Amino acid sequence: MINDSSFVLRGGIAFSESMHGITTYYRGYLVCVDGICQGAFTELPEKYQGLKLYDYGERLIIPGMTDLHVHAPQYTFRGIGMDLELLEWLSTYTFPEEAKYSDIEYAKKAYSYFSHDLRRCFTTRAVVFATLHNEATIELMNQLEETGVITYVGKVNMDRNGGENLEEKDAATSIQATREWLEQIQGKYVNTKPILTPRFIPTCSDELMKELGKLSAEKELRIQSHLSENHSEIEWVKELVPASTCYANAYEMFDTMGSKELPTIMAHCVHSDEHEMEIIKNHGAYIAHCPTSNMNLTSGVASVRKFLDAGLNVGIGTDVAGGSSMNMLDTMLATLQVSKMYYRLVDQSVKPLTFEEVFYMATAGGGKYFGKVGTFKPGYDFDAVVIDDSKMYSMRDMSIRERIERMCYNDADAIIKDKFVKGKRVYTAVD
Ligand code: GUN
Ligand code: FE
């Protein structure tokens, strides 16, 4: 039966079937039935010939991207204060900015800018930090639900070291607020799910961390946080949790590293060593690699090649406003570039990432966190972005693979025409 979420798209199709290759179809057919991808084809199989066909001609069709780590309240001050390193940047710019979200009118306006732009970018799935304020977090969730983008959103927990305007009184207050938030949003959304969000160990007391670990088990909720981003931060965690063998072990001590069923996302892992990688692996946690942020805040370069070789789950995060753009293409490019510099300047036994690997991480790698998401294999959710790159003039014939690579290295003239999430068109450009 033909309905709104069953159709065929025709165009230049590209997607990952594994980390090592990009499958392409020139003027191929991509079939969606009830929001689920049925696969890509050179010739349209007879059984789909009754479906409505949208012919995009020479345009490109790629899977939607997953932004595994982004701070919504930091969007409107992105690109400011970037001469500072993490801890100074947080206390000088970030915490005072987030404190303003106690004002619901401020939050409404600022979050409308974030939601507006999220709908228009390559991202079809995102895992989002809000602030510690319940009312503003619910406002963000209301707005995100309207975008059609599928998200996890966290009310942030922090009961120490946030400064006087961005701190919950104690662990009990923070947990109580979290329970109230969860009650208020229960059953309210289709596309917007809650995720527990201890900001990081320095802003969460032992008691708060333990209680969040228990709450995660009780309510079967996932957790997101930050791990091993910056040297001063790591030293501080050692002082705050002296019994821990490493930063990841501190999270582990509080039962917040998650499990394969409820995987935790850890942003950064710039300075994670073999021991920390083993803990991440044992818990089935996801690493959100955030290279633009790691450069901006002078944090360092994560050895993603080592993570991939060790079989860890790795996706890409923009980490706005540590990262200054929500554009996943920019973040893919930075992923490639920092891996090349890591190889050249740090360790020549660690080969640079390939374009295939980075395309995979941005689509299927991060998408896996959401289930069957991020590729056009049959059975996957139909998340797709249609791109017009015709203004990127060229004097040569190019393969689809080359056009995708070129778009990543220079995205300025790659225009998003349409965006689909689970078979629903959530954005279309006005010509
Ligand atoms: N660690 C704790 N909070 C933050 C944040 O807001 N941004 C980044 N990049 N790291 C953090
Ligand atoms: Fe972050």
# chains A, B, ... in the order shown; residues from 1 in each chain; ligands from 1
>>> residues_near_ligand(ligand="ligand 2", cutoff="7 Å", atoms="only C-alpha atoms and all ligand atoms", output="PyMOL selection string")
chain A and resi 69-71+226+267+319+322
>>> residues_around(residues="Glu261 (chain A)", least_positions_apart="4", cutoff="12 Å", atoms="only C-alpha atoms", output="list of chain:residue names")
A:Ser216, A:Ala217, A:Glu220, A:Leu221, A:Arg222, A:Ile223, A:Met257, A:His283, A:Gly284, A:Ala285, A:Tyr286, A:Tyr369, A:Phe370, A:Gly371
>>> write_last_selection(atoms="C-alpha atoms", output="tab-separated table (two decimals), in the first residue's frame")
chain	number	residue	atom	x	y	z
A	216	SER	CA	19.71	4.25	35.33
A	217	ALA	CA	19.18	0.64	36.44
A	220	GLU	CA	16.46	1.45	32.25
A	221	LEU	CA	17.80	4.80	31.13
A	222	ARG	CA	21.00	5.39	29.22
A	223	ILE	CA	23.73	7.74	30.41
A	257	MET	CA	29.67	3.13	32.46
A	283	HIS	CA	30.85	-1.93	28.96
A	284	GLY	CA	29.97	-1.61	25.28
A	285	ALA	CA	30.18	2.17	25.69
A	286	TYR	CA	30.26	4.55	22.72
A	369	TYR	CA	23.56	3.78	18.98
A	370	PHE	CA	19.96	4.33	17.79
A	371	GLY	CA	19.46	0.76	16.51
>>> closest_residue(among="A:Val304, A:Met398, A:Ala72, A:Ala171", to="ligand 1", atoms="only C-alpha atoms and all ligand atoms")
A:Ala72
>>> atom_distance(atom1="CA of Ile415 (chain A)", atom2="CA of Asp388 (chain A)")
5.1 Å
>>> closest_atom_pairs(of="region 21-84 of chain A", to="region 379-384 of chain A", cutoff="12 Å", atoms="only C-alpha atoms", output="JSON lines")
{"residue": "A:Leu30", "atom": "CA", "partner": "A:Phe382", "partner_atom": "CA", "distance": 9.5}
{"residue": "A:Val31", "atom": "CA", "partner": "A:Phe382", "partner_atom": "CA", "distance": 8.8}
{"residue": "A:Cys32", "atom": "CA", "partner": "A:Phe382", "partner_atom": "CA", "distance": 6.4}
{"residue": "A:Val33", "atom": "CA", "partner": "A:Phe382", "partner_atom": "CA", "distance": 8.6}
{"residue": "A:Asp34", "atom": "CA", "partner": "A:Phe382", "partner_atom": "CA", "distance": 8.9}
{"residue": "A:Gly35", "atom": "CA", "partner": "A:Phe382", "partner_atom": "CA", "distance": 5.4}
{"residue": "A:Ile36", "atom": "CA", "partner": "A:Asp381", "partner_atom": "CA", "distance": 4.7}
{"residue": "A:Cys37", "atom": "CA", "partner": "A:Phe382", "partner_atom": "CA", "distance": 4.9}
{"residue": "A:Gln38", "atom": "CA", "partner": "A:Gly379", "partner_atom": "CA", "distance": 6.2}
{"residue": "A:Gly39", "atom": "CA", "partner": "A:Gly379", "partner_atom": "CA", "distance": 7.9}
{"residue": "A:Ala40", "atom": "CA", "partner": "A:Phe382", "partner_atom": "CA", "distance": 11.4}
{"residue": "A:Leu60", "atom": "CA", "partner": "A:Ala384", "partner_atom": "CA", "distance": 10.1}
{"residue": "A:Ile61", "atom": "CA", "partner": "A:Ala384", "partner_atom": "CA", "distance": 6.6}
{"residue": "A:Ile62", "atom": "CA", "partner": "A:Ala384", "partner_atom": "CA", "distance": 5.6}
{"residue": "A:Pro63", "atom": "CA", "partner": "A:Ala384", "partner_atom": "CA", "distance": 4.3}
{"residue": "A:Gly64", "atom": "CA", "partner": "A:Ala384", "partner_atom": "CA", "distance": 4.6}
{"residue": "A:Met65", "atom": "CA", "partner": "A:Asp383", "partner_atom": "CA", "distance": 8.3}
{"residue": "A:Thr66", "atom": "CA", "partner": "A:Asp383", "partner_atom": "CA", "distance": 10.1}
>>> residues_near_ligand(ligand="ligand 1", cutoff="9 Å", atoms="only C-alpha atoms and all ligand atoms", output="PyMOL selection string")
chain A and resi 70-71+74+86-87+89-90+94-95+129+199-203+225-227+229-230+233+267-268+290+293-294+297+319-323
>>> residues_around(residues="Met326 (chain A)", least_positions_apart="2", cutoff="9 Å", atoms="only C-alpha atoms", output="number ranges by chain")
A: 67, 70, 75, 117-118, 121-123, 317-321, 323-324, 328-331
>>> closest_residue(among="A:Ala429, A:Ile387, A:Leu333, A:Val358", to="Arg59 (chain A)", atoms="only C-alpha atoms")
A:Ile387
>>> residues_around(residues="Tyr343 (chain A)", least_positions_apart="5", cutoff="12 Å", atoms="only C-alpha atoms", output="ChimeraX atom specification")
/A:301-306,336-338,348-353
>>> write_last_selection(atoms="N, CA and C atoms", output="short mmCIF file (atom, residue, chain, number, x, y, z; two decimals), in the first residue's frame")
data_model
loop_
_atom_site.label_atom_id
_atom_site.label_comp_id
_atom_site.auth_asym_id
_atom_site.auth_seq_id
_atom_site.Cartn_x
_atom_site.Cartn_y
_atom_site.Cartn_z
N VAL A 301 44.46 15.13 20.60
CA VAL A 301 43.91 14.34 19.49
C VAL A 301 43.68 12.92 19.98
N ALA A 302 42.44 12.46 19.88
CA ALA A 302 42.13 11.08 20.26
C ALA A 302 42.67 10.12 19.20
N SER A 303 43.14 8.97 19.63
CA SER A 303 43.68 8.01 18.66
C SER A 303 42.56 7.09 18.18
N VAL A 304 41.76 7.62 17.29
CA VAL A 304 40.58 6.89 16.82
C VAL A 304 40.97 5.59 16.12
N ARG A 305 42.08 5.62 15.39
CA ARG A 305 42.54 4.38 14.74
C ARG A 305 42.67 3.25 15.76
N LYS A 306 43.25 3.57 16.92
CA LYS A 306 43.40 2.54 17.97
C LYS A 306 42.05 2.07 18.48
N LEU A 336 39.26 13.54 9.85
CA LEU A 336 40.30 13.10 8.90
C LEU A 336 41.61 13.85 9.16
N GLN A 337 41.49 15.16 9.30
CA GLN A 337 42.71 15.97 9.40
C GLN A 337 43.49 15.70 10.69
N VAL A 338 42.78 15.59 11.81
CA VAL A 338 43.53 15.34 13.05
C VAL A 338 44.16 13.94 13.02
N GLN A 348 53.84 7.24 14.01
CA GLN A 348 53.72 6.79 12.61
C GLN A 348 53.32 5.34 12.48
N SER A 349 53.09 4.68 13.61
CA SER A 349 52.55 3.33 13.52
C SER A 349 51.01 3.38 13.53
N VAL A 350 50.46 4.55 13.76
CA VAL A 350 49.00 4.70 13.81
C VAL A 350 48.55 5.38 12.51
N LYS A 351 48.09 4.56 11.58
CA LYS A 351 47.77 5.07 10.23
C LYS A 351 46.58 6.04 10.27
N PRO A 352 46.60 7.04 9.37
CA PRO A 352 45.47 7.98 9.32
C PRO A 352 44.17 7.24 8.99
N LEU A 353 43.06 7.83 9.39
CA LEU A 353 41.76 7.26 9.02
C LEU A 353 41.52 7.48 7.54
#
>>> atom_distance(atom1="CA of Tyr48 (chain A)", atom2="CA of Thr428 (chain A)")
24.0 Å
>>> select_by_dssp(residues="region 159-190 of chain A", states="helix (DSSP H, G or I)", output="ChimeraX atom specification")
/A:171-185
>>> write_last_selection(atoms="N, CA and C atoms", output="short mmCIF file (atom, residue, chain, number, x, y, z; two decimals), in the first residue's frame")
data_model
loop_
_atom_site.label_atom_id
_atom_site.label_comp_id
_atom_site.auth_asym_id
_atom_site.auth_seq_id
_atom_site.Cartn_x
_atom_site.Cartn_y
_atom_site.Cartn_z
N ALA A 171 23.04 16.09 46.22
CA ALA A 171 22.67 14.93 45.39
C ALA A 171 21.17 14.68 45.42
N ALA A 172 20.58 14.76 46.63
CA ALA A 172 19.15 14.46 46.76
C ALA A 172 18.32 15.44 45.93
N THR A 173 18.69 16.70 45.95
CA THR A 173 17.96 17.72 45.18
C THR A 173 18.06 17.42 43.69
N SER A 174 19.25 17.07 43.26
CA SER A 174 19.48 16.79 41.85
C SER A 174 18.68 15.56 41.38
N ILE A 175 18.67 14.54 42.22
CA ILE A 175 17.93 13.31 41.86
C ILE A 175 16.43 13.58 41.87
N GLN A 176 16.00 14.32 42.86
CA GLN A 176 14.56 14.67 42.93
C GLN A 176 14.13 15.43 41.67
N ALA A 177 14.96 16.40 41.26
CA ALA A 177 14.64 17.18 40.05
C ALA A 177 14.62 16.26 38.82
N THR A 178 15.53 15.30 38.79
CA THR A 178 15.59 14.37 37.65
C THR A 178 14.33 13.52 37.59
N ARG A 179 13.91 13.04 38.76
CA ARG A 179 12.68 12.23 38.80
C ARG A 179 11.47 13.05 38.35
N GLU A 180 11.43 14.30 38.79
CA GLU A 180 10.29 15.16 38.40
C GLU A 180 10.29 15.39 36.89
N TRP A 181 11.48 15.65 36.37
CA TRP A 181 11.61 15.85 34.90
C TRP A 181 11.10 14.61 34.15
N LEU A 182 11.53 13.44 34.62
CA LEU A 182 11.13 12.20 33.94
C LEU A 182 9.61 12.01 34.02
N GLU A 183 9.03 12.35 35.17
CA GLU A 183 7.57 12.22 35.30
C GLU A 183 6.85 13.18 34.36
N GLN A 184 7.38 14.39 34.27
CA GLN A 184 6.70 15.41 33.46
C GLN A 184 6.71 15.08 31.96
N ILE A 185 7.72 14.34 31.53
CA ILE A 185 7.80 14.06 30.08
C ILE A 185 7.31 12.66 29.73
#
>>> closest_atom_pairs(of="region 285-390 of chain A", to="region 8-19 of chain A", cutoff="10 Å", atoms="only C-alpha atoms", output="Markdown table")
| residue | atom | partner | partner_atom | distance |
| --- | --- | --- | --- | --- |
| A:Leu308 | CA | A:Met19 | CA | 9.5 |
| A:Thr354 | CA | A:Met19 | CA | 9.3 |
| A:Phe355 | CA | A:Met19 | CA | 9.6 |
| A:Glu356 | CA | A:Met19 | CA | 6.2 |
| A:Glu357 | CA | A:Met19 | CA | 5.0 |
| A:Val358 | CA | A:Met19 | CA | 8.2 |
| A:Phe359 | CA | A:Ser16 | CA | 7.5 |
| A:Tyr360 | CA | A:Met19 | CA | 5.5 |
| A:Met361 | CA | A:Met19 | CA | 7.8 |
| A:Thr363 | CA | A:Ser16 | CA | 7.9 |
| A:Ala364 | CA | A:Ser16 | CA | 7.0 |
| A:Gly365 | CA | A:Met19 | CA | 8.4 |
| A:Gly374 | CA | A:Phe15 | CA | 8.2 |
| A:Thr375 | CA | A:Phe15 | CA | 5.6 |
| A:Phe376 | CA | A:Phe15 | CA | 6.2 |
| A:Lys377 | CA | A:Glu17 | CA | 7.2 |
| A:Ala384 | CA | A:Leu9 | CA | 9.9 |
| A:Val386 | CA | A:Gly11 | CA | 8.6 |
| A:Ile387 | CA | A:Gly12 | CA | 9.4 |
>>> write_last_selection(atoms="N, CA and C atoms", output="compact mmCIF listing (two decimals), in the first residue's frame")
# COMPACT_ATOMS: atom_id res chain seq x y z
N LEU A 308 39.22 2.01 16.81
CA LEU A 308 38.59 1.15 15.79
C LEU A 308 39.24 -0.22 15.77
N THR A 354 40.79 6.56 6.94
CA THR A 354 40.43 6.74 5.53
C THR A 354 39.09 7.47 5.44
N PHE A 355 38.81 8.00 4.26
CA PHE A 355 37.52 8.67 4.07
C PHE A 355 36.37 7.68 4.31
N GLU A 356 36.56 6.43 3.88
CA GLU A 356 35.53 5.41 4.08
C GLU A 356 35.22 5.23 5.57
N GLU A 357 36.28 5.18 6.36
CA GLU A 357 36.07 4.98 7.81
C GLU A 357 35.34 6.15 8.44
N VAL A 358 35.68 7.35 8.01
CA VAL A 358 35.07 8.53 8.63
C VAL A 358 33.60 8.68 8.18
N PHE A 359 33.34 8.38 6.91
CA PHE A 359 31.94 8.40 6.43
C PHE A 359 31.12 7.37 7.22
N TYR A 360 31.72 6.23 7.45
CA TYR A 360 31.04 5.18 8.25
C TYR A 360 30.75 5.68 9.67
N MET A 361 31.76 6.28 10.30
CA MET A 361 31.57 6.75 11.68
C MET A 361 30.44 7.77 11.79
N THR A 363 27.85 8.10 9.89
CA THR A 363 26.52 7.58 9.52
C THR A 363 26.21 6.30 10.31
N ALA A 364 26.77 5.18 9.86
CA ALA A 364 26.43 3.90 10.49
C ALA A 364 27.03 3.73 11.88
N GLY A 365 28.24 4.26 12.08
CA GLY A 365 28.94 4.06 13.37
C GLY A 365 28.18 4.70 14.51
N GLY A 374 21.56 4.43 9.91
CA GLY A 374 22.80 5.00 9.40
C GLY A 374 23.30 4.40 8.10
N THR A 375 22.52 3.50 7.50
CA THR A 375 22.92 2.96 6.21
C THR A 375 21.66 2.61 5.42
N PHE A 376 21.83 2.26 4.15
CA PHE A 376 20.66 1.94 3.32
C PHE A 376 20.51 0.44 3.10
N LYS A 377 21.06 -0.35 4.02
CA LYS A 377 20.83 -1.79 3.92
C LYS A 377 19.36 -2.08 4.25
N ALA A 384 17.57 9.82 5.46
CA ALA A 384 18.33 10.16 4.25
C ALA A 384 18.41 11.67 4.06
N VAL A 386 19.21 14.46 0.92
CA VAL A 386 19.38 14.67 -0.52
C VAL A 386 20.17 15.96 -0.72
N ILE A 387 21.24 15.87 -1.49
CA ILE A 387 22.18 17.01 -1.60
C ILE A 387 22.36 17.43 -3.05
>>> atom_distance(atom1="CA of Glu207 (chain A)", atom2="CA of Arg160 (chain A)")
11.3 Å
>>> closest_residue(among="A:Arg403, A:Lys219, A:Lys47, A:Arg119", to="Glu145 (chain A)", atoms="only C-alpha atoms")
A:Arg119
>>> select_by_dssp(residues="region 243-318 of chain A", states="strand (DSSP E)", output="PyMOL selection string")
chain A and resi 265-268+286-289+313-316
>>> closest_residue(among="A:Asp4, A:Lys193, A:Leu68, A:Leu53", to="Arg425 (chain A)", atoms="only C-alpha atoms")
A:Asp4
>>> residues_around(residues="Tyr393 (chain A)", least_positions_apart="6", cutoff="12 Å", atoms="only C-alpha atoms", output="MDAnalysis selection string")
chainID A and resid 403 406:407 410 412:414
>>> closest_residue(among="A:Gly79, A:Pro73, A:Gly213, A:Gly367", to="Leu140 (chain A)", atoms="only C-alpha atoms")
A:Pro73
